[in-house]
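The next block is coords-v1.cif, given as mmCIF, N, CA and C atoms.
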```cif
data_coords
loop_
_atom_site.label_atom_id
_atom_site.label_comp_id
_atom_site.auth_asym_id
_atom_site.auth_seq_id
_atom_site.Cartn_x
_atom_site.Cartn_y
_atom_site.Cartn_z
N MET A 1456 81.96 61.64 91.30
CA MET A 1456 81.62 61.63 89.89
C MET A 1456 81.83 60.21 89.36
N ILE A 1457 80.83 59.70 88.64
CA ILE A 1457 80.88 58.36 88.08
C ILE A 1457 81.15 58.47 86.58
N SER A 1458 82.07 57.66 86.11
CA SER A 1458 82.31 57.64 84.67
C SER A 1458 82.24 56.20 84.19
N GLY A 1459 82.06 56.03 82.93
CA GLY A 1459 81.96 54.72 82.32
C GLY A 1459 81.39 54.86 80.94
N THR A 1460 81.39 53.78 80.21
CA THR A 1460 80.85 53.82 78.86
C THR A 1460 79.34 53.71 78.92
N SER A 1461 78.67 54.27 77.93
CA SER A 1461 77.21 54.19 77.87
C SER A 1461 76.78 52.74 77.70
N ALA A 1462 75.76 52.38 78.41
CA ALA A 1462 75.26 51.01 78.37
C ALA A 1462 74.55 50.75 77.05
N GLY A 1463 74.73 49.57 76.52
CA GLY A 1463 74.08 49.17 75.28
C GLY A 1463 72.66 48.68 75.51
N PHE A 1464 71.99 48.40 74.42
CA PHE A 1464 70.59 47.97 74.48
C PHE A 1464 70.43 46.64 75.22
N GLY A 1465 71.31 45.69 74.99
CA GLY A 1465 71.19 44.38 75.61
C GLY A 1465 71.23 44.44 77.13
N ARG A 1466 72.18 45.17 77.67
CA ARG A 1466 72.28 45.30 79.13
C ARG A 1466 71.08 46.05 79.70
N ARG A 1467 70.64 47.09 78.99
CA ARG A 1467 69.47 47.84 79.47
C ARG A 1467 68.23 46.95 79.49
N ALA A 1468 68.04 46.18 78.43
CA ALA A 1468 66.88 45.29 78.35
C ALA A 1468 66.95 44.19 79.40
N ALA A 1469 68.14 43.65 79.64
CA ALA A 1469 68.29 42.62 80.67
C ALA A 1469 67.99 43.18 82.06
N ALA A 1470 68.47 44.38 82.34
CA ALA A 1470 68.19 45.02 83.63
C ALA A 1470 66.69 45.27 83.77
N LEU A 1471 66.05 45.70 82.69
CA LEU A 1471 64.60 45.93 82.72
C LEU A 1471 63.85 44.63 83.00
N LEU A 1472 64.30 43.53 82.42
CA LEU A 1472 63.66 42.24 82.66
C LEU A 1472 63.78 41.85 84.14
N TYR A 1473 64.94 42.03 84.73
CA TYR A 1473 65.10 41.76 86.16
C TYR A 1473 64.17 42.65 86.98
N ASP A 1474 64.12 43.93 86.62
CA ASP A 1474 63.26 44.86 87.34
C ASP A 1474 61.79 44.48 87.21
N CYS A 1475 61.41 43.98 86.06
CA CYS A 1475 60.01 43.58 85.86
C CYS A 1475 59.61 42.45 86.79
N LEU A 1476 60.53 41.54 87.08
CA LEU A 1476 60.22 40.45 88.02
C LEU A 1476 59.95 40.99 89.42
N LEU A 1477 60.77 41.91 89.88
CA LEU A 1477 60.55 42.52 91.19
C LEU A 1477 59.29 43.39 91.18
N LEU A 1478 59.09 44.14 90.10
CA LEU A 1478 57.90 44.99 90.01
C LEU A 1478 56.62 44.16 90.00
N ALA A 1479 56.65 43.00 89.37
CA ALA A 1479 55.47 42.13 89.37
C ALA A 1479 55.09 41.76 90.79
N ALA A 1480 56.09 41.44 91.62
CA ALA A 1480 55.82 41.12 93.02
C ALA A 1480 55.26 42.32 93.76
N LEU A 1481 55.85 43.49 93.56
CA LEU A 1481 55.36 44.70 94.23
C LEU A 1481 53.93 45.04 93.81
N LEU A 1482 53.63 44.86 92.53
CA LEU A 1482 52.28 45.16 92.03
C LEU A 1482 51.26 44.14 92.55
N MET A 1483 51.70 42.90 92.74
CA MET A 1483 50.80 41.90 93.32
C MET A 1483 50.47 42.24 94.78
N ILE A 1484 51.46 42.71 95.51
CA ILE A 1484 51.22 43.13 96.89
C ILE A 1484 50.26 44.31 96.93
N PHE A 1485 50.48 45.28 96.05
CA PHE A 1485 49.59 46.44 95.98
C PHE A 1485 48.16 46.00 95.63
N THR A 1486 48.05 45.08 94.65
CA THR A 1486 46.74 44.60 94.23
C THR A 1486 46.06 43.82 95.35
N ALA A 1487 46.83 43.06 96.11
CA ALA A 1487 46.24 42.33 97.24
C ALA A 1487 45.62 43.31 98.23
N GLY A 1488 46.28 44.43 98.45
CA GLY A 1488 45.70 45.46 99.31
C GLY A 1488 44.43 46.04 98.73
N ALA A 1489 44.43 46.23 97.42
CA ALA A 1489 43.23 46.77 96.76
C ALA A 1489 42.07 45.77 96.82
N LEU A 1490 42.38 44.48 96.72
CA LEU A 1490 41.33 43.46 96.78
C LEU A 1490 40.66 43.42 98.14
N PHE A 1491 41.36 43.83 99.17
CA PHE A 1491 40.77 43.91 100.49
C PHE A 1491 39.57 44.86 100.47
N PHE A 1492 39.70 45.97 99.74
CA PHE A 1492 38.62 46.96 99.70
C PHE A 1492 37.48 46.56 98.77
N THR A 1493 37.73 45.65 97.83
CA THR A 1493 36.66 45.18 96.94
C THR A 1493 36.12 43.83 97.39
N HIS A 1494 36.52 43.40 98.60
CA HIS A 1494 36.07 42.13 99.19
C HIS A 1494 36.40 40.95 98.27
N GLY A 1495 37.58 41.00 97.64
CA GLY A 1495 38.04 39.89 96.82
C GLY A 1495 37.60 39.92 95.38
N ALA A 1496 36.77 40.88 95.01
CA ALA A 1496 36.32 40.97 93.61
C ALA A 1496 37.40 41.68 92.79
N ALA A 1497 37.45 41.35 91.51
CA ALA A 1497 38.41 42.00 90.62
C ALA A 1497 38.22 43.50 90.65
N VAL A 1498 39.31 44.23 90.53
CA VAL A 1498 39.25 45.69 90.59
C VAL A 1498 38.90 46.20 89.19
N LEU A 1499 37.62 46.23 88.93
CA LEU A 1499 37.08 46.70 87.64
C LEU A 1499 36.10 47.83 87.91
N HIS A 1500 35.72 48.52 86.88
CA HIS A 1500 34.76 49.62 87.05
C HIS A 1500 33.44 49.09 87.61
N GLU A 1501 33.06 47.88 87.20
CA GLU A 1501 31.80 47.30 87.67
C GLU A 1501 31.82 46.98 89.17
N THR A 1502 32.99 46.60 89.69
CA THR A 1502 33.07 46.21 91.09
C THR A 1502 33.57 47.33 91.99
N ALA A 1503 34.41 48.21 91.45
CA ALA A 1503 35.02 49.25 92.29
C ALA A 1503 34.52 50.65 91.95
N GLY A 1504 33.77 50.77 90.87
CA GLY A 1504 33.28 52.09 90.48
C GLY A 1504 34.42 53.02 90.11
N PRO A 1505 34.28 54.29 90.45
CA PRO A 1505 35.35 55.24 90.10
C PRO A 1505 36.66 55.00 90.85
N TRP A 1506 36.64 54.15 91.88
CA TRP A 1506 37.87 53.84 92.60
C TRP A 1506 38.88 53.09 91.73
N VAL A 1507 38.41 52.52 90.65
CA VAL A 1507 39.32 51.81 89.75
C VAL A 1507 40.38 52.74 89.19
N TYR A 1508 40.05 54.02 89.04
CA TYR A 1508 41.03 54.99 88.54
C TYR A 1508 42.12 55.27 89.59
N LEU A 1509 41.72 55.27 90.84
CA LEU A 1509 42.69 55.42 91.92
C LEU A 1509 43.61 54.19 91.97
N TYR A 1510 43.03 53.02 91.76
CA TYR A 1510 43.82 51.79 91.73
C TYR A 1510 44.85 51.84 90.60
N ARG A 1511 44.42 52.23 89.43
CA ARG A 1511 45.34 52.32 88.28
C ARG A 1511 46.43 53.36 88.53
N ALA A 1512 46.06 54.48 89.09
CA ALA A 1512 47.06 55.50 89.43
C ALA A 1512 48.04 54.96 90.47
N GLY A 1513 47.55 54.15 91.38
CA GLY A 1513 48.41 53.53 92.38
C GLY A 1513 49.42 52.57 91.75
N LEU A 1514 48.99 51.82 90.74
CA LEU A 1514 49.91 50.93 90.03
C LEU A 1514 51.05 51.72 89.40
N VAL A 1515 50.69 52.82 88.74
CA VAL A 1515 51.71 53.67 88.11
C VAL A 1515 52.62 54.28 89.18
N ALA A 1516 52.04 54.67 90.30
CA ALA A 1516 52.83 55.27 91.39
C ALA A 1516 53.82 54.27 91.97
N VAL A 1517 53.43 53.01 92.09
CA VAL A 1517 54.36 51.98 92.61
C VAL A 1517 55.54 51.84 91.65
N ILE A 1518 55.27 51.77 90.36
CA ILE A 1518 56.34 51.63 89.37
C ILE A 1518 57.25 52.85 89.39
N ALA A 1519 56.66 54.04 89.38
CA ALA A 1519 57.44 55.27 89.38
C ALA A 1519 58.28 55.37 90.65
N ALA A 1520 57.69 55.04 91.79
CA ALA A 1520 58.43 55.12 93.06
C ALA A 1520 59.61 54.15 93.06
N TYR A 1521 59.41 52.96 92.52
CA TYR A 1521 60.51 51.98 92.46
C TYR A 1521 61.71 52.56 91.72
N TYR A 1522 61.47 53.09 90.54
CA TYR A 1522 62.58 53.62 89.75
C TYR A 1522 63.15 54.90 90.35
N VAL A 1523 62.30 55.86 90.63
CA VAL A 1523 62.78 57.17 91.10
C VAL A 1523 63.53 57.04 92.42
N LEU A 1524 62.98 56.32 93.37
CA LEU A 1524 63.65 56.18 94.67
C LEU A 1524 64.99 55.44 94.55
N ASN A 1525 65.03 54.41 93.74
CA ASN A 1525 66.30 53.70 93.55
C ASN A 1525 67.34 54.56 92.85
N TRP A 1526 66.92 55.31 91.83
CA TRP A 1526 67.87 56.17 91.12
C TRP A 1526 68.40 57.28 92.02
N ILE A 1527 67.55 57.81 92.89
CA ILE A 1527 68.00 58.87 93.79
C ILE A 1527 68.92 58.30 94.86
N HIS A 1528 68.55 57.17 95.42
CA HIS A 1528 69.31 56.59 96.53
C HIS A 1528 70.69 56.09 96.09
N SER A 1529 70.74 55.27 95.03
CA SER A 1529 72.01 54.65 94.66
C SER A 1529 72.34 54.77 93.17
N GLY A 1530 71.37 55.26 92.39
CA GLY A 1530 71.59 55.32 90.94
C GLY A 1530 71.33 53.99 90.26
N GLN A 1531 70.91 52.99 91.04
CA GLN A 1531 70.73 51.65 90.50
C GLN A 1531 69.46 51.00 91.01
N THR A 1532 68.76 50.33 90.10
CA THR A 1532 67.68 49.43 90.50
C THR A 1532 68.31 48.05 90.70
N LEU A 1533 67.51 47.09 91.12
CA LEU A 1533 68.03 45.74 91.31
C LEU A 1533 68.61 45.18 90.01
N GLY A 1534 67.89 45.37 88.91
CA GLY A 1534 68.38 44.90 87.62
C GLY A 1534 69.66 45.60 87.19
N MET A 1535 69.75 46.89 87.47
CA MET A 1535 70.96 47.64 87.12
C MET A 1535 72.15 47.17 87.94
N ARG A 1536 71.91 46.81 89.19
CA ARG A 1536 73.01 46.28 90.03
C ARG A 1536 73.53 44.97 89.45
N ALA A 1537 72.61 44.11 89.04
CA ALA A 1537 73.01 42.81 88.50
C ALA A 1537 73.83 42.95 87.22
N TRP A 1538 73.53 43.95 86.42
CA TRP A 1538 74.21 44.15 85.14
C TRP A 1538 75.26 45.26 85.20
N HIS A 1539 75.61 45.71 86.40
CA HIS A 1539 76.67 46.70 86.62
C HIS A 1539 76.41 48.00 85.84
N LEU A 1540 75.20 48.52 86.03
CA LEU A 1540 74.81 49.78 85.38
C LEU A 1540 74.46 50.81 86.45
N ARG A 1541 74.58 52.07 86.11
CA ARG A 1541 74.19 53.13 87.02
C ARG A 1541 73.65 54.30 86.22
N ALA A 1542 72.56 54.90 86.71
CA ALA A 1542 72.00 56.11 86.11
C ALA A 1542 72.64 57.32 86.78
N VAL A 1543 73.17 58.22 85.96
CA VAL A 1543 73.82 59.44 86.45
C VAL A 1543 73.39 60.61 85.56
N THR A 1544 73.70 61.81 86.01
CA THR A 1544 73.45 62.98 85.16
C THR A 1544 74.45 62.99 84.02
N ASP A 1545 74.25 63.89 83.08
CA ASP A 1545 75.19 63.97 81.95
C ASP A 1545 76.58 64.41 82.39
N ARG A 1546 76.72 64.86 83.63
CA ARG A 1546 78.02 65.23 84.19
C ARG A 1546 78.58 64.17 85.14
N GLY A 1547 77.90 63.02 85.21
CA GLY A 1547 78.37 61.93 86.04
C GLY A 1547 78.01 62.02 87.50
N ARG A 1548 77.08 62.87 87.86
CA ARG A 1548 76.68 63.06 89.25
C ARG A 1548 75.40 62.25 89.55
N PRO A 1549 75.12 62.01 90.84
CA PRO A 1549 73.88 61.31 91.20
C PRO A 1549 72.65 62.10 90.75
N LEU A 1550 71.57 61.38 90.49
CA LEU A 1550 70.34 62.02 90.02
C LEU A 1550 69.63 62.75 91.16
N THR A 1551 69.06 63.89 90.83
CA THR A 1551 68.19 64.62 91.75
C THR A 1551 66.77 64.10 91.58
N TRP A 1552 65.86 64.54 92.45
CA TRP A 1552 64.45 64.17 92.31
C TRP A 1552 63.92 64.54 90.93
N ALA A 1553 64.19 65.78 90.52
CA ALA A 1553 63.67 66.26 89.24
C ALA A 1553 64.23 65.46 88.08
N ALA A 1554 65.53 65.19 88.11
CA ALA A 1554 66.16 64.44 87.02
C ALA A 1554 65.64 63.01 86.98
N ALA A 1555 65.46 62.39 88.14
CA ALA A 1555 64.97 61.00 88.17
C ALA A 1555 63.53 60.93 87.69
N LEU A 1556 62.70 61.87 88.09
CA LEU A 1556 61.31 61.87 87.65
C LEU A 1556 61.21 62.14 86.15
N LEU A 1557 61.98 63.10 85.65
CA LEU A 1557 61.98 63.38 84.22
C LEU A 1557 62.49 62.17 83.44
N ARG A 1558 63.52 61.50 83.95
CA ARG A 1558 64.05 60.30 83.29
C ARG A 1558 62.98 59.21 83.24
N PHE A 1559 62.22 59.03 84.32
CA PHE A 1559 61.16 58.03 84.34
C PHE A 1559 60.10 58.35 83.29
N ILE A 1560 59.63 59.59 83.27
CA ILE A 1560 58.58 59.98 82.33
C ILE A 1560 59.06 59.81 80.89
N CYS A 1561 60.26 60.28 80.59
CA CYS A 1561 60.80 60.14 79.24
C CYS A 1561 61.05 58.68 78.90
N GLY A 1562 61.45 57.88 79.90
CA GLY A 1562 61.69 56.46 79.68
C GLY A 1562 60.41 55.72 79.34
N VAL A 1563 59.32 56.07 79.99
CA VAL A 1563 58.03 55.45 79.68
C VAL A 1563 57.65 55.73 78.23
N LEU A 1564 57.97 56.91 77.76
CA LEU A 1564 57.65 57.27 76.38
C LEU A 1564 58.65 56.69 75.37
N ALA A 1565 59.85 56.31 75.82
CA ALA A 1565 60.89 55.83 74.91
C ALA A 1565 60.73 54.37 74.53
N TRP A 1566 60.14 53.55 75.39
CA TRP A 1566 60.04 52.12 75.08
C TRP A 1566 58.99 51.81 74.03
N PRO A 1567 57.78 52.33 74.10
CA PRO A 1567 56.85 52.06 73.00
C PRO A 1567 57.06 53.07 71.89
N PRO A 1568 56.83 52.84 70.68
CA PRO A 1568 56.59 51.52 70.09
C PRO A 1568 57.92 50.84 69.76
N ALA A 1569 57.98 49.57 70.00
CA ALA A 1569 59.11 48.71 69.62
C ALA A 1569 60.46 49.19 70.13
N ALA A 1570 60.48 49.86 71.26
CA ALA A 1570 61.72 50.33 71.89
C ALA A 1570 62.52 51.28 71.00
N LEU A 1571 61.84 51.99 70.13
CA LEU A 1571 62.55 52.88 69.19
C LEU A 1571 63.32 53.98 69.91
N GLY A 1572 62.77 54.51 71.00
CA GLY A 1572 63.47 55.55 71.74
C GLY A 1572 64.73 55.05 72.41
N VAL A 1573 64.74 53.78 72.76
CA VAL A 1573 65.92 53.18 73.37
C VAL A 1573 66.91 52.77 72.29
N LEU A 1574 66.42 52.23 71.21
CA LEU A 1574 67.30 51.83 70.10
C LEU A 1574 67.97 53.04 69.46
N TRP A 1575 67.48 54.22 69.78
CA TRP A 1575 68.09 55.46 69.29
C TRP A 1575 69.57 55.51 69.66
N LEU A 1576 69.97 54.80 70.72
CA LEU A 1576 71.36 54.85 71.16
C LEU A 1576 72.32 54.36 70.08
N TYR A 1577 71.86 53.57 69.12
CA TYR A 1577 72.73 53.12 68.04
C TYR A 1577 72.97 54.22 67.01
N ALA A 1578 72.07 55.18 66.94
CA ALA A 1578 72.23 56.30 66.00
C ALA A 1578 72.89 57.50 66.66
N ASP A 1579 72.89 57.55 67.98
CA ASP A 1579 73.43 58.69 68.72
C ASP A 1579 74.95 58.61 68.78
N PRO A 1580 75.63 59.74 68.55
CA PRO A 1580 77.09 59.72 68.58
C PRO A 1580 77.69 59.36 69.95
N GLU A 1581 76.97 59.64 71.04
CA GLU A 1581 77.45 59.29 72.38
C GLU A 1581 76.79 58.03 72.92
N HIS A 1582 76.04 57.33 72.07
CA HIS A 1582 75.32 56.10 72.43
C HIS A 1582 74.34 56.34 73.57
N LEU A 1583 73.59 57.44 73.48
CA LEU A 1583 72.55 57.75 74.46
C LEU A 1583 71.19 57.44 73.85
N ALA A 1584 70.31 56.87 74.66
CA ALA A 1584 68.93 56.65 74.23
C ALA A 1584 68.20 58.00 74.23
N LEU A 1585 67.05 58.02 73.59
CA LEU A 1585 66.29 59.26 73.48
C LEU A 1585 65.94 59.82 74.86
N HIS A 1586 65.54 58.97 75.79
CA HIS A 1586 65.18 59.48 77.12
C HIS A 1586 66.42 59.92 77.91
N ASP A 1587 67.60 59.38 77.57
CA ASP A 1587 68.83 59.89 78.17
C ASP A 1587 69.03 61.34 77.74
N ARG A 1588 68.89 61.57 76.44
CA ARG A 1588 69.06 62.93 75.89
C ARG A 1588 68.05 63.90 76.48
N LEU A 1589 66.79 63.51 76.47
CA LEU A 1589 65.73 64.41 76.93
C LEU A 1589 65.84 64.76 78.41
N SER A 1590 66.29 63.82 79.22
CA SER A 1590 66.38 64.06 80.66
C SER A 1590 67.78 64.48 81.11
N ARG A 1591 68.70 64.57 80.17
CA ARG A 1591 70.09 64.95 80.46
C ARG A 1591 70.71 64.02 81.50
N THR A 1592 70.42 62.74 81.33
CA THR A 1592 70.98 61.69 82.17
C THR A 1592 71.59 60.64 81.26
N ARG A 1593 72.21 59.65 81.86
CA ARG A 1593 72.74 58.54 81.07
C ARG A 1593 72.85 57.31 81.95
N VAL A 1594 72.91 56.16 81.30
CA VAL A 1594 73.15 54.92 82.01
C VAL A 1594 74.54 54.46 81.60
N VAL A 1595 75.42 54.33 82.60
CA VAL A 1595 76.78 53.94 82.32
C VAL A 1595 77.03 52.52 82.82
N ARG A 1596 77.93 51.86 82.11
CA ARG A 1596 78.36 50.53 82.51
C ARG A 1596 79.55 50.70 83.44
N LEU A 1597 79.41 50.16 84.64
CA LEU A 1597 80.46 50.28 85.65
C LEU A 1597 81.54 49.24 85.40
N GLU A 1598 82.76 49.62 85.66
CA GLU A 1598 83.88 48.68 85.58
C GLU A 1598 83.88 47.87 86.86
N HIS A 1599 83.99 46.56 86.76
CA HIS A 1599 83.99 45.76 87.99
C HIS A 1599 85.35 45.25 88.30
#
```
Can you turn what I pasted into structure tokens?
Amino acid sequence: MISGTSAGFGRRAAALLYDCLLLAALLMIFTAGALFFTHGAAVLHETAGPWVYLYRAGLVAVIAAYYVLNWIHSGQTLGMRAWHLRAVTDRGRPLTWAAALLRFICGVLAWPPAALGVLWLYADPEHLALHDRLSRTRVVRLEH
């Protein structure tokens, strides 16, 4: 069981920024593979036809897999490791597949517009973001 204080907005945003750098690299690798099938042409509806929807779904799948697999394996993404954060259930246990996937989906909805769902943690009595509440998970700051 993992315990710790709920992570604030600054640490969450910093971890997300770190994760975005790694995700950019992963998405470039995925796109390079897609360009192989379009013979180097941009992956647009004009060049790839209906396959462009598969490409876009693949981009989302790469992002989802990055978060879900990391949360299930260690509770931490690369950015979360750097900022000493861990995603756990509301009881402090490691995330299951269902909890990690629900957390990802709710998290995608919590950031737009203007991170209001994440800033909710300032109004919440337990300092949980909206997607923490909805998925019954939390991000805790680990003591080092």
Skipping near chain neighbours, those fewer than 2 positions away, what residues fall within 8 Å of Gly1534 (chain A) using all atoms listed in the file, listed as a PDB file with N, CA and C atoms, keeping the file's coordinate frame?
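The resulting around.pdb:
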```
ATOM      1  N   ARG A1466      72.180  45.170  77.670  1.00  0.00           N
ATOM      2  CA  ARG A1466      72.280  45.300  79.130  1.00  0.00           C
ATOM      3  C   ARG A1466      71.080  46.050  79.700  1.00  0.00           C
ATOM      4  N   ARG A1467      70.640  47.090  78.990  1.00  0.00           N
ATOM      5  CA  ARG A1467      69.470  47.840  79.470  1.00  0.00           C
ATOM      6  C   ARG A1467      68.230  46.950  79.490  1.00  0.00           C
ATOM      7  N   ALA A1469      68.140  43.650  79.640  1.00  0.00           N
ATOM      8  CA  ALA A1469      68.290  42.620  80.670  1.00  0.00           C
ATOM      9  C   ALA A1469      67.990  43.180  82.060  1.00  0.00           C
ATOM     10  N   ALA A1470      68.470  44.380  82.340  1.00  0.00           N
ATOM     11  CA  ALA A1470      68.190  45.020  83.630  1.00  0.00           C
ATOM     12  C   ALA A1470      66.690  45.270  83.770  1.00  0.00           C
ATOM     13  N   LEU A1471      66.050  45.700  82.690  1.00  0.00           N
ATOM     14  CA  LEU A1471      64.600  45.930  82.720  1.00  0.00           C
ATOM     15  C   LEU A1471      63.850  44.630  83.000  1.00  0.00           C
ATOM     16  N   LEU A1472      64.300  43.530  82.420  1.00  0.00           N
ATOM     17  CA  LEU A1472      63.660  42.240  82.660  1.00  0.00           C
ATOM     18  C   LEU A1472      63.780  41.850  84.140  1.00  0.00           C
ATOM     19  N   TYR A1473      64.940  42.030  84.730  1.00  0.00           N
ATOM     20  CA  TYR A1473      65.100  41.760  86.160  1.00  0.00           C
ATOM     21  C   TYR A1473      64.170  42.650  86.980  1.00  0.00           C
ATOM     22  N   ASP A1474      64.120  43.930  86.620  1.00  0.00           N
ATOM     23  CA  ASP A1474      63.260  44.860  87.340  1.00  0.00           C
ATOM     24  C   ASP A1474      61.790  44.480  87.210  1.00  0.00           C
ATOM     25  N   CYS A1475      61.410  43.980  86.060  1.00  0.00           N
ATOM     26  CA  CYS A1475      60.010  43.580  85.860  1.00  0.00           C
ATOM     27  C   CYS A1475      59.610  42.450  86.790  1.00  0.00           C
ATOM     28  N   LEU A1477      60.770  41.910  89.880  1.00  0.00           N
ATOM     29  CA  LEU A1477      60.550  42.520  91.190  1.00  0.00           C
ATOM     30  C   LEU A1477      59.290  43.390  91.180  1.00  0.00           C
ATOM     31  N   GLN A1531      70.910  52.990  91.040  1.00  0.00           N
ATOM     32  CA  GLN A1531      70.730  51.650  90.500  1.00  0.00           C
ATOM     33  C   GLN A1531      69.460  51.000  91.010  1.00  0.00           C
ATOM     34  N   THR A1532      68.760  50.330  90.100  1.00  0.00           N
ATOM     35  CA  THR A1532      67.680  49.430  90.500  1.00  0.00           C
ATOM     36  C   THR A1532      68.310  48.050  90.700  1.00  0.00           C
ATOM     37  N   ARG A1536      71.910  46.810  89.190  1.00  0.00           N
ATOM     38  CA  ARG A1536      73.010  46.280  90.030  1.00  0.00           C
ATOM     39  C   ARG A1536      73.530  44.970  89.450  1.00  0.00           C
ATOM     40  N   ALA A1537      72.610  44.110  89.040  1.00  0.00           N
ATOM     41  CA  ALA A1537      73.010  42.810  88.500  1.00  0.00           C
ATOM     42  C   ALA A1537      73.830  42.950  87.220  1.00  0.00           C
ATOM     43  N   TRP A1538      73.530  43.950  86.420  1.00  0.00           N
ATOM     44  CA  TRP A1538      74.210  44.150  85.140  1.00  0.00           C
ATOM     45  C   TRP A1538      75.260  45.260  85.200  1.00  0.00           C
ATOM     46  N   HIS A1539      75.610  45.710  86.400  1.00  0.00           N
ATOM     47  CA  HIS A1539      76.670  46.700  86.620  1.00  0.00           C
ATOM     48  C   HIS A1539      76.410  48.000  85.840  1.00  0.00           C
ATOM     49  N   LEU A1540      75.200  48.520  86.030  1.00  0.00           N
ATOM     50  CA  LEU A1540      74.810  49.780  85.380  1.00  0.00           C
ATOM     51  C   LEU A1540      74.460  50.810  86.450  1.00  0.00           C
TER      52      LEU A1540
END
```
Explicit residue set for the PyMOL selection byres ((chain A and resi 1585-1595) around 5), as a PDB file with N, CA and C atoms, keeping the file's coordinate frame:
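Result file follows (selection.pdb):
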```pdb
ATOM      1  N   GLY A1459      82.060  56.030  82.930  1.00  0.00           N
ATOM      2  CA  GLY A1459      81.960  54.720  82.320  1.00  0.00           C
ATOM      3  C   GLY A1459      81.390  54.860  80.940  1.00  0.00           C
ATOM      4  N   THR A1460      81.390  53.780  80.210  1.00  0.00           N
ATOM      5  CA  THR A1460      80.850  53.820  78.860  1.00  0.00           C
ATOM      6  C   THR A1460      79.340  53.710  78.920  1.00  0.00           C
ATOM      7  N   SER A1461      78.670  54.270  77.930  1.00  0.00           N
ATOM      8  CA  SER A1461      77.210  54.190  77.870  1.00  0.00           C
ATOM      9  C   SER A1461      76.780  52.740  77.700  1.00  0.00           C
ATOM     10  N   ALA A1462      75.760  52.380  78.410  1.00  0.00           N
ATOM     11  CA  ALA A1462      75.260  51.010  78.370  1.00  0.00           C
ATOM     12  C   ALA A1462      74.550  50.750  77.050  1.00  0.00           C
ATOM     13  N   LEU A1540      75.200  48.520  86.030  1.00  0.00           N
ATOM     14  CA  LEU A1540      74.810  49.780  85.380  1.00  0.00           C
ATOM     15  C   LEU A1540      74.460  50.810  86.450  1.00  0.00           C
ATOM     16  N   ARG A1541      74.580  52.070  86.110  1.00  0.00           N
ATOM     17  CA  ARG A1541      74.190  53.130  87.020  1.00  0.00           C
ATOM     18  C   ARG A1541      73.650  54.300  86.220  1.00  0.00           C
ATOM     19  N   ALA A1542      72.560  54.900  86.710  1.00  0.00           N
ATOM     20  CA  ALA A1542      72.000  56.110  86.110  1.00  0.00           C
ATOM     21  C   ALA A1542      72.640  57.320  86.780  1.00  0.00           C
ATOM     22  N   VAL A1543      73.170  58.220  85.960  1.00  0.00           N
ATOM     23  CA  VAL A1543      73.820  59.440  86.450  1.00  0.00           C
ATOM     24  C   VAL A1543      73.390  60.610  85.560  1.00  0.00           C
ATOM     25  N   THR A1544      73.700  61.810  86.010  1.00  0.00           N
ATOM     26  CA  THR A1544      73.450  62.980  85.160  1.00  0.00           C
ATOM     27  C   THR A1544      74.450  62.990  84.020  1.00  0.00           C
ATOM     28  N   ASP A1545      74.250  63.890  83.080  1.00  0.00           N
ATOM     29  CA  ASP A1545      75.190  63.970  81.950  1.00  0.00           C
ATOM     30  C   ASP A1545      76.580  64.410  82.390  1.00  0.00           C
ATOM     31  N   CYS A1561      60.260  60.280  80.590  1.00  0.00           N
ATOM     32  CA  CYS A1561      60.800  60.140  79.240  1.00  0.00           C
ATOM     33  C   CYS A1561      61.050  58.680  78.900  1.00  0.00           C
ATOM     34  N   GLY A1562      61.450  57.880  79.900  1.00  0.00           N
ATOM     35  CA  GLY A1562      61.690  56.460  79.680  1.00  0.00           C
ATOM     36  C   GLY A1562      60.410  55.720  79.340  1.00  0.00           C
ATOM     37  N   GLY A1572      62.770  54.510  71.000  1.00  0.00           N
ATOM     38  CA  GLY A1572      63.470  55.550  71.740  1.00  0.00           C
ATOM     39  C   GLY A1572      64.730  55.050  72.410  1.00  0.00           C
ATOM     40  N   VAL A1573      64.740  53.780  72.760  1.00  0.00           N
ATOM     41  CA  VAL A1573      65.920  53.180  73.370  1.00  0.00           C
ATOM     42  C   VAL A1573      66.910  52.770  72.290  1.00  0.00           C
ATOM     43  N   LEU A1583      73.590  57.440  73.480  1.00  0.00           N
ATOM     44  CA  LEU A1583      72.550  57.750  74.460  1.00  0.00           C
ATOM     45  C   LEU A1583      71.190  57.440  73.850  1.00  0.00           C
ATOM     46  N   ALA A1584      70.310  56.870  74.660  1.00  0.00           N
ATOM     47  CA  ALA A1584      68.930  56.650  74.230  1.00  0.00           C
ATOM     48  C   ALA A1584      68.200  58.000  74.230  1.00  0.00           C
ATOM     49  N   ARG A1596      77.930  51.860  82.110  1.00  0.00           N
ATOM     50  CA  ARG A1596      78.360  50.530  82.510  1.00  0.00           C
ATOM     51  C   ARG A1596      79.550  50.700  83.440  1.00  0.00           C
ATOM     52  N   LEU A1597      79.410  50.160  84.640  1.00  0.00           N
ATOM     53  CA  LEU A1597      80.460  50.280  85.650  1.00  0.00           C
ATOM     54  C   LEU A1597      81.540  49.240  85.400  1.00  0.00           C
TER      55      LEU A1597
END
```
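Our summary of the geometry notes that CA of Ala1555 (chain A) is positioned 28.4 Å from CA of Trp1506 (chain A).
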**Item:** Long-range neighbours of Phe1492 (chain A) as a ChimeraX atom specification, 12 Å cut-off, only C-alpha atoms, 6 positions minimum in chain
**Value:** /A:1485-1486,1498,1502-1504,1506-1507,1510
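Here CA of Glu1581 (chain A) stands at a distance of 21.9 Å from atom C of Ser1529 (chain A).
With atom N of Leu1550 (chain A) on one side and CA of Ile1527 (chain A) on the other, the separation reads 5.5 Å.
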**Request:** Looking only at strand (DSSP E) from DSSP on the backbone, list the matching residues of region 1496-1595 of chain A as an NGL selection string.
**Result:** :A and (1540-1544 or 1592-1595)
For region 1480-1496 of chain A, I'd like the enclosing box, axis-aligned and padded by 6 Å on every side, reported as AutoDock Vina command-line options with centre and edge lengths in Å to one decimal.
```
--center_x 46.1 --center_y 43.4 --center_z 96.1 --size_x 32.0 --size_y 19.1 --size_z 20.9
```
**Item:** DSSP helix (DSSP H, G or I) residues within region 1457-1598 of chain A, listed as a PyMOL selection string
**Value:** chain A and resi 1464-1492+1500-1503+1506-1528+1533-1537+1552-1565+1571-1577+1585-1590
